[in-house]
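Peer 1: Can you keep this structure in mind? I'll have questions shortly.
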Amino acid sequence: MINALPVVYNCLRTFLTVKQHIDIVQLFWTDQSILFINFSTGFLLFLEIYFMEQRYETFSKGMGAILIAYTFVLIIVYTVSFFSPNWNERVGVAVNMRINIATLLVLIVLGLIVFVISSIEIKREVGTI
């Protein structure tokens, strides 16, 4: 949430300085910084899994691979969108909004899975009969 503050401030600045009517929600969801926020948060989630205890070794390797792939794909998309002039016009505003919202939803789902799995504590007790 704190990462989204620069995007919110940028949208508010644009909204207050432009004399014509603009859709602030559309302006927020088409900002390219959303992709940057998503891939940096995905990498931080990968680091959290990396330092997780080794009791979930299979989960850590699988989810780590998914998060690294997610991060690299978003880095590529962010780089292309950042250095491509008129990215919103080429891709389309609706598609750009869908990309940003979908990547955020995927990140939330992956984060919830990591949180649930890391908070489960499985204890085996071996006792005498």
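By order in the structure tokens, chains are A, B, ...; within a chain, residues start at 1; ligands start at 1, following the order shown.
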Excluding Gln32 in chain A and residues on its chain fewer than 4 positions from it, collect all residues at most 12 Å away from it, counting only C-alpha atoms, and give them as a PyMOL selection string.
Peer 2: chain A and resi 4+6-7+10-11+27-28+36-39+74-75+77-84+86-88+93+96-97+99-101
Peer 1: How would the residues just picked look written out with C-alpha atoms as a JSON list (two decimals), in the first residue's frame?
Peer 2:
[["chain", "number", "residue", "atom", "x", "y", "z"],
["A", 4, "ALA", "CA", 1.14, 3.02, -4.29],
["A", 6, "PRO", "CA", 3.65, 7.95, -5.49],
["A", 7, "VAL", "CA", 1.09, 6.76, -8.04],
["A", 10, "ASN", "CA", 0.97, 11.65, -9.41],
["A", 11, "CYS", "CA", -2.70, 11.07, -10.25],
["A", 27, "LEU", "CA", -5.40, 7.38, -14.69],
["A", 28, "PHE", "CA", -4.40, 5.37, -11.60],
["A", 36, "PHE", "CA", 7.12, -1.61, -11.09],
["A", 37, "ILE", "CA", 5.37, -1.96, -7.74],
["A", 38, "ASN", "CA", 4.14, -5.44, -8.64],
["A", 39, "PHE", "CA", 7.47, -6.86, -9.76],
["A", 74, "LEU", "CA", 6.86, -8.17, -15.21],
["A", 75, "ILE", "CA", 10.35, -6.69, -15.56],
["A", 77, "VAL", "CA", 6.66, -5.86, -19.61],
["A", 78, "TYR", "CA", 7.60, -2.86, -17.48],
["A", 79, "THR", "CA", 10.75, -2.19, -19.51],
["A", 80, "VAL", "CA", 8.87, -2.42, -22.79],
["A", 81, "SER", "CA", 6.09, -0.17, -21.50],
["A", 82, "PHE", "CA", 8.48, 2.37, -20.01],
["A", 83, "PHE", "CA", 10.67, 2.76, -23.10],
["A", 84, "SER", "CA", 7.87, 2.48, -25.62],
["A", 86, "ASN", "CA", 2.73, 6.08, -26.48],
["A", 87, "TRP", "CA", 2.36, 2.74, -24.68],
["A", 88, "ASN", "CA", -1.27, 3.43, -23.72],
["A", 93, "VAL", "CA", -6.18, 1.88, -22.13],
["A", 96, "ASN", "CA", -3.33, -1.70, -19.91],
["A", 97, "MET", "CA", -5.81, -1.52, -17.03],
["A", 99, "ILE", "CA", -2.71, -6.00, -17.24],
["A", 100, "ASN", "CA", -2.16, -3.86, -14.13],
["A", 101, "ILE", "CA", -5.18, -5.23, -12.27]]
Peer 1: Among range 14-126 of chain A, which ones does DSSP place in helix (DSSP H, G or I), written as an MDAnalysis selection string?
Peer 2: chainID A and resid 14:17 24:29 33:50 54:83 87:91 93:119
Peer 1: Check the smallest atom-to-atom distance from each of A:Thr17, A:Ser118, A:Leu107, A:Thr30 to Glu57 in chain A using only C-alpha atoms, then report the winner.
Peer 2: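 For Glu57 in chain A, the nearest of the candidates is A:Ser118.
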Peer 1: Check the smallest atom-to-atom distance from each of A:Ile66, A:Leu44, A:Val8, A:Val106 to Asp31 in chain A using only C-alpha atoms, then report the winner.
Peer 2: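 The shortest atom-to-atom distance to Asp31 in chain A comes from A:Val8.
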Peer 1: So that I can see what lies close to Leu110 in chain A, please list as an MDAnalysis selection string the residues with an atom at most 9 Å from it, counting only C-alpha atoms and leaving out residues fewer than 2 positions away in the same chain.
Peer 2: chainID A and resid 42 45 63 67 105:108 112:115
Peer 1: Do you have the CA of Thr58 in chain A-CA of Tyr70 in chain A distance handy?
Peer 2: 18.4 Å
Peer 1: Quick one: of A:Phe51, A:Trp29, A:Phe43, A:Tyr9, who's nearest to Thr71 in chain A, counting only C-alpha atoms?
Peer 2: A:Phe43
Peer 1: Quick one: distance from CA of Ile2 in chain A to CA of Ile34 in chain A in Å, one decimal?
Peer 2: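 A separation of 12.1 Å between them.
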Peer 1: Mind pulling up the distance from CA of Gly92 in chain A to CA of Val109 in chain A?
Peer 2: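 Between CA of Val109 in chain A and CA of Gly92 in chain A the gap is 25.8 Å.
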